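Visitor: Contents of data00.cif (mmCIF, C-alpha atoms) are given next:
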data_query
#
loop_
_atom_site.label_atom_id
_atom_site.label_comp_id
_atom_site.auth_asym_id
_atom_site.auth_seq_id
_atom_site.Cartn_x
_atom_site.Cartn_y
_atom_site.Cartn_z
CA MET A 1 -19.22 34.49 1.43
CA SER A 2 -18.46 35.93 4.85
CA THR A 3 -22.15 36.15 5.70
CA ALA A 4 -22.66 32.54 4.64
CA SER A 5 -19.77 31.32 6.78
CA GLU A 6 -21.12 33.33 9.71
CA VAL A 7 -24.43 31.51 9.39
CA HIS A 8 -22.55 28.19 9.56
CA ALA A 9 -20.05 29.38 12.14
CA HIS A 10 -21.07 26.70 14.58
CA SER A 11 -21.72 23.99 12.02
CA VAL A 12 -19.21 21.32 11.02
CA VAL A 13 -20.73 21.38 7.51
CA ALA A 14 -19.09 23.85 5.14
CA HIS A 15 -21.60 26.12 3.43
CA GLN A 16 -21.17 24.58 -0.03
CA PHE A 17 -22.50 21.21 1.18
CA ASP A 18 -26.12 20.21 1.81
CA ASP A 19 -25.32 18.03 4.78
CA LEU A 20 -22.53 16.25 6.66
CA GLU A 21 -22.92 13.07 4.64
CA GLN A 22 -22.36 14.89 1.35
CA GLN A 23 -19.34 16.69 2.78
CA GLN A 24 -17.81 13.41 3.98
CA GLU A 25 -18.47 11.74 0.63
CA ALA A 26 -16.74 14.61 -1.18
CA THR A 27 -13.69 14.24 1.08
CA ARG A 28 -13.59 10.47 0.51
CA LEU A 29 -13.96 10.91 -3.24
CA GLY A 30 -11.14 13.46 -3.35
CA VAL A 31 -8.74 11.18 -1.48
CA TRP A 32 -9.69 8.16 -3.63
CA THR A 33 -8.98 10.24 -6.74
CA PHE A 34 -5.56 11.05 -5.28
CA LEU A 35 -5.02 7.34 -4.60
CA VAL A 36 -5.83 6.55 -8.26
CA THR A 37 -2.97 8.88 -9.27
CA GLU A 38 -0.82 6.97 -6.79
CA ILE A 39 -1.79 3.67 -8.46
CA MET A 40 -0.62 5.20 -11.76
CA PHE A 41 2.60 6.43 -10.15
CA PHE A 42 3.57 3.05 -8.69
CA GLY A 43 2.11 1.41 -11.82
CA GLY A 44 4.97 2.80 -13.90
CA LEU A 45 7.49 1.20 -11.55
CA PHE A 46 5.61 -2.12 -11.60
CA MET A 47 5.51 -1.96 -15.41
CA ALA A 48 9.29 -1.41 -15.61
CA TYR A 49 9.81 -4.29 -13.18
CA THR A 50 7.57 -6.63 -15.21
CA VAL A 51 9.35 -5.84 -18.50
CA TYR A 52 12.85 -6.42 -17.13
CA ARG A 53 11.89 -9.46 -15.06
CA THR A 54 10.40 -11.02 -18.21
CA TYR A 55 13.57 -10.33 -20.20
CA TYR A 56 16.14 -11.36 -17.60
CA PRO A 57 14.42 -13.94 -15.32
CA ALA A 58 17.66 -15.71 -14.30
CA ALA A 59 19.51 -12.51 -13.39
CA PHE A 60 16.47 -11.25 -11.46
CA ALA A 61 15.98 -14.54 -9.58
CA GLY A 62 19.68 -14.58 -8.66
CA ALA A 63 19.65 -10.97 -7.45
CA SER A 64 16.38 -11.56 -5.57
CA HIS A 65 18.10 -14.36 -3.63
CA THR A 66 20.48 -11.85 -2.06
CA LEU A 67 17.52 -10.27 -0.21
CA ASP A 68 16.63 -11.54 3.26
CA VAL A 69 13.21 -13.29 3.10
CA LYS A 70 12.95 -13.39 6.90
CA LEU A 71 13.30 -9.62 7.22
CA GLY A 72 10.91 -9.10 4.27
CA ALA A 73 8.29 -11.40 5.79
CA PHE A 74 8.73 -9.79 9.21
CA ASN A 75 8.21 -6.35 7.70
CA THR A 76 5.10 -7.57 5.84
CA ALA A 77 3.65 -8.76 9.16
CA VAL A 78 4.59 -5.46 10.83
CA LEU A 79 2.83 -3.48 8.10
CA ILE A 80 -0.32 -5.64 8.30
CA CYS A 81 -0.35 -5.05 12.08
CA SER A 82 -0.06 -1.30 11.43
CA SER A 83 -3.03 -1.48 9.04
CA LEU A 84 -5.06 -3.14 11.80
CA THR A 85 -4.14 -0.46 14.36
CA MET A 86 -4.91 2.22 11.74
CA ALA A 87 -8.35 0.69 11.08
CA LEU A 88 -8.97 0.68 14.85
CA ALA A 89 -7.85 4.33 15.06
CA VAL A 90 -10.42 5.24 12.38
CA GLN A 91 -13.09 3.29 14.27
CA ALA A 92 -12.19 5.13 17.49
CA ALA A 93 -12.42 8.43 15.58
CA GLN A 94 -15.86 7.52 14.20
CA LEU A 95 -16.98 6.93 17.78
CA GLY A 96 -15.27 10.11 18.99
CA LYS A 97 -13.07 8.30 21.52
CA ARG A 98 -10.17 10.71 21.89
CA ARG A 99 -7.81 8.60 23.99
CA GLN A 100 -8.25 5.52 21.75
CA ILE A 101 -7.55 7.57 18.63
CA ILE A 102 -4.25 8.74 20.10
CA VAL A 103 -3.25 5.27 21.36
CA PHE A 104 -3.98 3.54 18.03
CA LEU A 105 -2.31 6.29 15.98
CA LEU A 106 0.82 6.07 18.16
CA LEU A 107 0.82 2.27 17.78
CA THR A 108 0.52 2.64 14.00
CA MET A 109 3.43 5.11 14.02
CA LEU A 110 5.50 2.75 16.18
CA LEU A 111 4.89 -0.15 13.76
CA GLY A 112 5.64 2.09 10.77
CA SER A 113 8.91 3.14 12.42
CA ILE A 114 9.84 -0.51 13.06
CA PHE A 115 9.25 -1.21 9.36
CA LEU A 116 11.51 1.68 8.34
CA GLY A 117 14.16 0.59 10.86
CA VAL A 118 14.24 -2.94 9.42
CA LYS A 119 14.35 -1.44 5.92
CA GLY A 120 17.36 0.63 7.04
CA VAL A 121 19.11 -2.55 8.24
CA GLU A 122 18.43 -4.18 4.86
CA TYR A 123 19.70 -1.13 2.96
CA ALA A 124 22.85 -1.02 5.12
CA ALA A 125 23.53 -4.68 4.25
CA LYS A 126 23.12 -3.91 0.53
CA PHE A 127 25.58 -1.00 0.77
CA HIS A 128 27.99 -3.24 2.70
CA GLU A 129 27.77 -5.95 0.00
CA HIS A 130 28.26 -3.37 -2.78
CA HIS A 131 24.89 -4.32 -4.27
CA VAL A 132 23.90 -0.68 -4.73
CA PRO A 133 23.94 0.17 -8.45
CA GLY A 134 26.63 2.63 -9.44
CA ALA A 135 30.41 2.97 -9.56
CA THR A 136 31.05 0.72 -6.54
CA PHE A 137 28.69 -2.04 -7.70
CA ALA A 138 30.16 -5.52 -7.26
CA TYR A 139 28.21 -8.72 -7.75
CA GLU A 140 29.42 -12.29 -7.46
CA GLY A 141 26.41 -13.97 -9.09
CA ARG A 142 25.76 -14.51 -12.78
CA ASP A 143 24.80 -11.73 -15.20
CA ALA A 144 25.93 -8.84 -13.00
CA LEU A 145 24.84 -6.30 -15.62
CA HIS A 146 21.19 -7.24 -15.45
CA ALA A 147 21.30 -8.06 -11.74
CA GLN A 148 22.12 -4.37 -11.38
CA LEU A 149 18.78 -3.62 -13.05
CA PHE A 150 17.06 -5.63 -10.33
CA PHE A 151 18.83 -3.67 -7.60
CA SER A 152 17.97 -0.37 -9.30
CA LEU A 153 14.30 -1.34 -9.31
CA TYR A 154 14.57 -2.69 -5.74
CA PHE A 155 15.87 0.63 -4.44
CA ALA A 156 13.49 2.73 -6.56
CA MET A 157 10.38 0.76 -5.55
CA THR A 158 11.16 0.19 -1.86
CA GLY A 159 12.60 3.72 -1.63
CA MET A 160 9.43 5.34 -2.99
CA HIS A 161 7.39 3.09 -0.73
CA ALA A 162 9.49 4.11 2.30
CA LEU A 163 9.11 7.79 1.36
CA HIS A 164 5.33 7.34 1.35
CA MET A 165 5.57 5.81 4.83
CA VAL A 166 7.67 8.72 6.12
CA ILE A 167 5.02 11.13 4.79
CA GLY A 168 2.34 9.00 6.47
CA LEU A 169 4.21 9.21 9.79
CA GLY A 170 4.36 13.00 9.40
CA ILE A 171 0.61 13.23 8.77
CA MET A 172 -0.09 11.00 11.78
CA THR A 173 2.08 13.19 14.01
CA VAL A 174 -0.20 16.12 13.12
CA LEU A 175 -3.29 13.94 13.71
CA VAL A 176 -2.09 12.95 17.19
CA LEU A 177 -1.58 16.62 18.11
CA LEU A 178 -5.03 17.54 16.77
CA ALA A 179 -6.62 14.56 18.51
CA ALA A 180 -5.04 15.68 21.80
CA LYS A 181 -6.79 19.04 21.31
CA GLY A 182 -10.08 17.18 20.85
CA ARG A 183 -10.45 18.10 17.19
CA PHE A 184 -11.94 14.74 16.17
CA THR A 185 -15.53 13.95 17.08
CA SER A 186 -17.99 11.52 15.51
CA GLU A 187 -18.81 14.37 13.10
CA THR A 188 -15.31 15.70 12.37
CA TYR A 189 -13.25 12.53 12.10
CA MET A 190 -12.65 12.62 8.31
CA PRO A 191 -8.93 13.57 8.54
CA VAL A 192 -8.35 10.32 10.45
CA GLU A 193 -10.39 8.27 7.95
CA VAL A 194 -8.60 9.61 4.86
CA THR A 195 -5.17 9.19 6.49
CA GLY A 196 -6.28 5.60 7.05
CA LEU A 197 -7.08 5.26 3.33
CA TYR A 198 -3.60 6.54 2.48
CA TRP A 199 -1.90 4.24 4.99
CA HIS A 200 -3.80 1.16 3.78
CA PHE A 201 -2.86 2.04 0.19
CA VAL A 202 0.82 2.12 1.19
CA ASP A 203 0.27 -1.28 2.80
CA ILE A 204 -1.20 -2.60 -0.47
CA VAL A 205 1.88 -1.42 -2.41
CA TRP A 206 4.05 -3.46 -0.03
CA ILE A 207 1.72 -6.47 -0.33
CA PHE A 208 2.77 -6.56 -4.02
CA LEU A 209 6.41 -5.50 -3.54
CA PHE A 210 7.12 -8.31 -1.07
CA PRO A 211 6.33 -11.29 -3.38
CA LEU A 212 7.70 -9.54 -6.49
CA LEU A 213 11.07 -8.59 -4.98
CA TYR A 214 11.63 -11.28 -2.34
CA LEU A 215 9.66 -14.41 -3.24
CA ILE A 216 9.35 -14.98 -7.00
CA GLY A 217 12.13 -17.28 -8.20
CA ARG A 218 13.02 -18.24 -4.63
CA HIS A 219 12.34 -21.96 -5.31
CA GLN A 220 15.04 -22.02 -8.00
CA GLY A 221 17.57 -22.34 -5.16
CA MET B 222 -28.83 11.05 -4.41
CA THR B 223 -31.67 8.69 -3.61
CA ASN B 224 -29.55 5.79 -2.51
CA HIS B 225 -31.49 3.99 0.20
CA ASP B 226 -28.25 2.52 1.50
CA THR B 227 -26.89 5.81 2.76
CA HIS B 228 -27.40 6.79 6.35
CA ALA B 229 -26.62 9.94 8.23
CA GLN B 230 -24.43 7.86 10.55
CA PRO B 231 -21.18 6.42 9.18
CA HIS B 232 -20.95 2.67 8.78
CA ILE B 233 -18.83 1.57 11.70
CA VAL B 234 -17.15 -1.77 11.09
CA SER B 235 -16.86 -3.88 14.23
CA ALA B 236 -13.43 -4.63 15.69
CA GLN B 237 -14.24 -8.33 15.28
CA VAL B 238 -14.35 -7.95 11.48
CA TYR B 239 -11.04 -6.07 11.52
CA PHE B 240 -9.37 -8.82 13.56
CA MET B 241 -10.72 -11.52 11.20
CA ILE B 242 -9.34 -9.67 8.17
CA PHE B 243 -6.06 -9.19 10.02
CA GLY B 244 -5.88 -12.94 10.72
CA ALA B 245 -6.61 -13.76 7.08
CA LEU B 246 -3.87 -11.36 5.90
CA MET B 247 -1.32 -12.88 8.29
CA LEU B 248 -2.25 -16.43 7.21
CA CYS B 249 -1.93 -15.46 3.54
CA THR B 250 1.51 -13.95 4.22
CA ALA B 251 2.71 -17.16 5.88
CA LEU B 252 1.19 -19.21 3.04
CA THR B 253 2.85 -17.18 0.27
CA VAL B 254 6.28 -17.41 1.96
CA TRP B 255 5.90 -21.18 2.47
CA ILE B 256 4.75 -21.86 -1.12
CA SER B 257 7.55 -19.73 -2.59
CA PHE B 258 10.12 -22.31 -1.44
CA ILE B 259 8.31 -25.22 -3.16
CA ASP B 260 9.20 -25.73 -6.82
CA LEU B 261 5.98 -25.49 -8.83
CA GLY B 262 7.57 -24.09 -11.99
CA PHE B 263 5.74 -21.18 -13.56
CA LEU B 264 2.88 -21.67 -11.06
CA ASN B 265 5.03 -20.10 -8.31
CA THR B 266 4.70 -16.66 -9.87
CA ILE B 267 0.96 -17.04 -10.54
CA ILE B 268 0.25 -18.24 -6.97
CA ALA B 269 2.35 -15.43 -5.42
CA ILE B 270 0.49 -12.77 -7.43
CA THR B 271 -2.92 -14.38 -6.82
CA ILE B 272 -2.34 -14.35 -3.05
CA ALA B 273 -1.16 -10.70 -3.25
CA VAL B 274 -4.30 -9.72 -5.21
CA PHE B 275 -6.47 -11.54 -2.65
CA LYS B 276 -4.74 -9.75 0.25
CA ALA B 277 -5.06 -6.38 -1.48
CA THR B 278 -8.77 -7.03 -2.11
CA LEU B 279 -9.35 -7.74 1.59
CA VAL B 280 -7.58 -4.50 2.55
CA ILE B 281 -9.56 -2.47 0.00
CA LEU B 282 -12.96 -3.95 0.85
CA TYR B 283 -12.69 -3.96 4.66
CA PHE B 284 -9.86 -1.75 5.95
CA MET B 285 -10.62 0.90 3.29
CA HIS B 286 -14.39 0.44 3.72
CA VAL B 287 -15.09 0.12 -0.01
CA ARG B 288 -17.47 -2.76 0.70
CA TYR B 289 -19.62 -0.36 2.71
CA GLY B 290 -18.98 2.63 0.45
CA SER B 291 -21.13 4.32 -2.19
CA ARG B 292 -21.18 3.23 -5.81
CA LEU B 293 -19.14 6.28 -6.74
CA ILE B 294 -16.27 5.12 -4.50
CA TRP B 295 -16.56 1.62 -6.00
CA LEU B 296 -16.30 3.14 -9.47
CA ILE B 297 -13.26 5.30 -8.66
CA ALA B 298 -11.42 2.41 -6.96
CA ALA B 299 -12.24 -0.02 -9.79
CA ALA B 300 -11.23 2.55 -12.44
CA GLY B 301 -7.81 2.96 -10.82
CA PHE B 302 -7.05 -0.75 -10.93
CA PHE B 303 -8.60 -1.13 -14.38
CA TRP B 304 -6.14 1.44 -15.77
CA LEU B 305 -3.28 -0.36 -14.01
CA ILE B 306 -4.33 -3.61 -15.75
CA LEU B 307 -4.51 -1.74 -19.06
CA LEU B 308 -0.99 -0.40 -18.53
CA LEU B 309 0.43 -3.84 -17.71
CA ALA B 310 -1.56 -5.90 -20.26
CA LEU B 311 -1.18 -3.60 -23.27
CA GLY B 312 2.39 -2.68 -22.30
CA MET B 313 3.46 -6.31 -22.02
CA SER B 314 1.59 -7.38 -25.16
CA ASP B 315 3.80 -4.86 -26.95
CA TYR B 316 7.10 -5.91 -25.34
CA MET B 317 6.36 -9.64 -25.72
CA THR B 318 5.68 -9.41 -29.46
CA ARG B 319 8.73 -7.43 -30.57
CA GLN B 320 11.79 -9.40 -31.67
CA PRO B 321 14.64 -8.85 -31.29
CA ILE B 322 14.97 -6.14 -28.70
CA THR B 323 18.00 -4.77 -26.92
CA PHE B 324 17.77 -2.71 -23.80
CA PRO B 325 20.33 -0.02 -23.13
CA SER B 326 22.85 -1.65 -20.80
CA GLY B 327 23.34 0.13 -17.50
#
Output the file's structure as structure tokens, nothing else.
Guide:
Amino acid sequence: MSTASEVHAHSVVAHQFDDLEQQQEATRLGVWTFLVTEIMFFGGLFMAYTVYRTYYPAAFAGASHTLDVKLGAFNTAVLICSSLTMALAVQAAQLGKRRQIIVFLLLTMLLGSIFLGVKGVEYAAKFHEHHVPGATFAYEGRDALHAQLFFSLYFAMTGMHALHMVIGLGIMTVLVLLAAKGRFTSETYMPVEVTGLYWHFVDIVWIFLFPLLYLIGRHQG
Amino acid sequence: MTNHDTHAQPHIVSAQVYFMIFGALMLCTALTVWISFIDLGFLNTIIAITIAVFKATLVILYFMHVRYGSRLIWLIAAAGFFWLILLLALGMSDYMTRQPITFPSG
């Protein structure tokens, strides 16, 4: 094994791969497989949400009304912007443009942080209104018992989503440092591409969370 | 692999395409918020989810490069969402056909 790696010491292709293309495809495939497990993970939460929403539509619509649509829509826009800057960071990496990679990654991190900041404001409001499930839960609307189910799911789903974003910000911090050292060329950009895949997946989760938690039942006044 | 579509160089999507997809996603977001305040009965839910699926498809095909990816990536991505549909469809067909049911109250 050591002799083989010595032969490829100056190659970006690991010795078990035939060529760069095969190596990149293997990396992509691995990350997509991970993302499938993520679909299953969030799928369980979406399933729980669907069951309870179907059983208690009035309680869920009422509880959903206590969320701020403006902040939710703003955050959706922020996250879509961050997906754009992430896609541009990947493009810069494919072209081996070091400065652009760093700029677009930092922009993506800034937008991600804005999202989390707004989420923090929303959470603070929920704590203030005693809408957090538990001993101090207080709810003025109808069917408080099942409204509490909505808030449990709201915190579980947005909380897991926020955790994924925090992890994404951590990965991007490492990427920025590596990019500054010139680690990413048009041949070695895969870490940026697969981080992009992860970030876009997190965006997709929010694309579904926003209408499900904030919008459905909104017209019922 | 004798796929004639594969090149040694990665498929680099132009910034123009990214900005068009971005514009479409922002328009869809505005549209879904606007429609959610109009009373269309049960259609509200269907429209909201349809727009979300459309937005997710744009992100997957363009931002995540699946449109330009190999058939293996297509298969893996499709399999993931197929299993999600199985979970929701078979799960709900069970819950919707059991009467009466009581959930443990929290």
Visitor: On this structure, which residues satisfy the PyMOL selection byres ((chain B and resi 254-258) around 8), written as a ChimeraX atom specification?
Guide: /A:73,215-219 /B:250-253,259-260,265,269
Visitor: Let me know the residues the PyMOL selection byres ((chain A) within 8 of (chain B)) catches in the file above, as a PDB file with C-alpha atoms, in the coordinates of the input.
Guide:
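That gives us out-v6.pdb:
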ATOM      1  CA  LEU A  20     -22.530  16.250   6.660  1.00  0.00           C
ATOM      2  CA  GLU A  21     -22.920  13.070   4.640  1.00  0.00           C
ATOM      3  CA  ARG A  28     -13.590  10.470   0.510  1.00  0.00           C
ATOM      4  CA  LEU A  29     -13.960  10.910  -3.240  1.00  0.00           C
ATOM      5  CA  TRP A  32      -9.690   8.160  -3.630  1.00  0.00           C
ATOM      6  CA  THR A  33      -8.980  10.240  -6.740  1.00  0.00           C
ATOM      7  CA  VAL A  36      -5.830   6.550  -8.260  1.00  0.00           C
ATOM      8  CA  THR A  37      -2.970   8.880  -9.270  1.00  0.00           C
ATOM      9  CA  ILE A  39      -1.790   3.670  -8.460  1.00  0.00           C
ATOM     10  CA  MET A  40      -0.620   5.200 -11.760  1.00  0.00           C
ATOM     11  CA  GLY A  43       2.110   1.410 -11.820  1.00  0.00           C
ATOM     12  CA  MET A  47       5.510  -1.960 -15.410  1.00  0.00           C
ATOM     13  CA  THR A  50       7.570  -6.630 -15.210  1.00  0.00           C
ATOM     14  CA  VAL A  51       9.350  -5.840 -18.500  1.00  0.00           C
ATOM     15  CA  ALA A  73       8.290 -11.400   5.790  1.00  0.00           C
ATOM     16  CA  THR A  76       5.100  -7.570   5.840  1.00  0.00           C
ATOM     17  CA  ALA A  77       3.650  -8.760   9.160  1.00  0.00           C
ATOM     18  CA  ILE A  80      -0.320  -5.640   8.300  1.00  0.00           C
ATOM     19  CA  CYS A  81      -0.350  -5.050  12.080  1.00  0.00           C
ATOM     20  CA  SER A  83      -3.030  -1.480   9.040  1.00  0.00           C
ATOM     21  CA  LEU A  84      -5.060  -3.140  11.800  1.00  0.00           C
ATOM     22  CA  ALA A  87      -8.350   0.690  11.080  1.00  0.00           C
ATOM     23  CA  LEU A  88      -8.970   0.680  14.850  1.00  0.00           C
ATOM     24  CA  GLN A  91     -13.090   3.290  14.270  1.00  0.00           C
ATOM     25  CA  GLN A  94     -15.860   7.520  14.200  1.00  0.00           C
ATOM     26  CA  LEU A 145      24.840  -6.300 -15.620  1.00  0.00           C
ATOM     27  CA  HIS A 146      21.190  -7.240 -15.450  1.00  0.00           C
ATOM     28  CA  GLN A 148      22.120  -4.370 -11.380  1.00  0.00           C
ATOM     29  CA  LEU A 149      18.780  -3.620 -13.050  1.00  0.00           C
ATOM     30  CA  GLY A 196      -6.280   5.600   7.050  1.00  0.00           C
ATOM     31  CA  LEU A 197      -7.080   5.260   3.330  1.00  0.00           C
ATOM     32  CA  HIS A 200      -3.800   1.160   3.780  1.00  0.00           C
ATOM     33  CA  ILE A 204      -1.200  -2.600  -0.470  1.00  0.00           C
ATOM     34  CA  ILE A 207       1.720  -6.470  -0.330  1.00  0.00           C
ATOM     35  CA  PHE A 208       2.770  -6.560  -4.020  1.00  0.00           C
ATOM     36  CA  PRO A 211       6.330 -11.290  -3.380  1.00  0.00           C
ATOM     37  CA  LEU A 212       7.700  -9.540  -6.490  1.00  0.00           C
ATOM     38  CA  LEU A 215       9.660 -14.410  -3.240  1.00  0.00           C
ATOM     39  CA  ILE A 216       9.350 -14.980  -7.000  1.00  0.00           C
ATOM     40  CA  GLY A 217      12.130 -17.280  -8.200  1.00  0.00           C
ATOM     41  CA  ARG A 218      13.020 -18.240  -4.630  1.00  0.00           C
ATOM     42  CA  HIS A 219      12.340 -21.960  -5.310  1.00  0.00           C
ATOM     43  CA  GLN A 220      15.040 -22.020  -8.000  1.00  0.00           C
TER      44      GLN A 220
END
Visitor: Is there a way to get, as a ChimeraX atom specification, all residues within 10 Å of the point (19.5, -15.6, -3.2) in file coordinates, counting all atoms listed in the file?
Guide: /A:60-69,141,214-215,217-221
Visitor: Using only C-alpha atoms, which of B:Met241, B:Cys249, B:Leu296, B:Leu311 sits nearest Thr271 in chain B?
Guide: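 Closest to Thr271 in chain B of all the choices is B:Cys249.
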Visitor: How many Å lie between CA of Val192 in chain A and CA of Val90 in chain A, rounded to one decimal?
Guide: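 That distance, rounded to one decimal, is 5.8 Å.
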Visitor: Separation of CA of Trp206 in chain A and CA of Arg292 in chain B, in Å?
Guide: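 Computing it gives 26.7 Å between the two atoms.
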Visitor: Rounded to one decimal in Å, what is the spacing between CA of Phe184 in chain A and CA of Met172 in chain A?
Guide: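 Atom-to-atom, CA of Phe184 in chain A to CA of Met172 in chain A, that is 13.2 Å.
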Visitor: Please expand the PyMOL selection byres ((chain A and resi 190) around 10) into the concrete residues it hits in this file, giving the result as a ChimeraX atom specification.
Guide: /A:23-25,27-28,90,93-94,184-189,191-196
Visitor: Would you give the centre and edge lengths, in Å to one decimal, of a box along x, y and z around the listed atoms of range 174-186 of chain A, with 3 Å added to each side, as lines of an AutoDock Vina configuration file?
Guide:
center_x = -9.1
center_y = 15.3
center_z = 17.5
size_x = 23.8
size_y = 13.5
size_z = 14.7
Visitor: Got a sec: who's within 12 Å of Thr173 in chain A, counting only C-alpha atoms, leaving out chain neighbours fewer than 2 positions off, as a list in words?
Guide: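 Using only C-alpha atoms, the neighbours found are Ile102, Leu105, Leu106, Leu107, Thr108, Met109, Leu110, Val166, Ile167, Gly168, Leu169, Gly170, Ile171, Leu175, Val176, Leu177, Leu178, Ala179, Ala180, Val192 and Thr195 of chain A.
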Visitor: Hey, which of A:Arg142, A:Asp203, A:Ala162, A:Tyr154 ends up closest to Ala58 in chain A? Count all atoms listed in the file.
Guide: A:Arg142
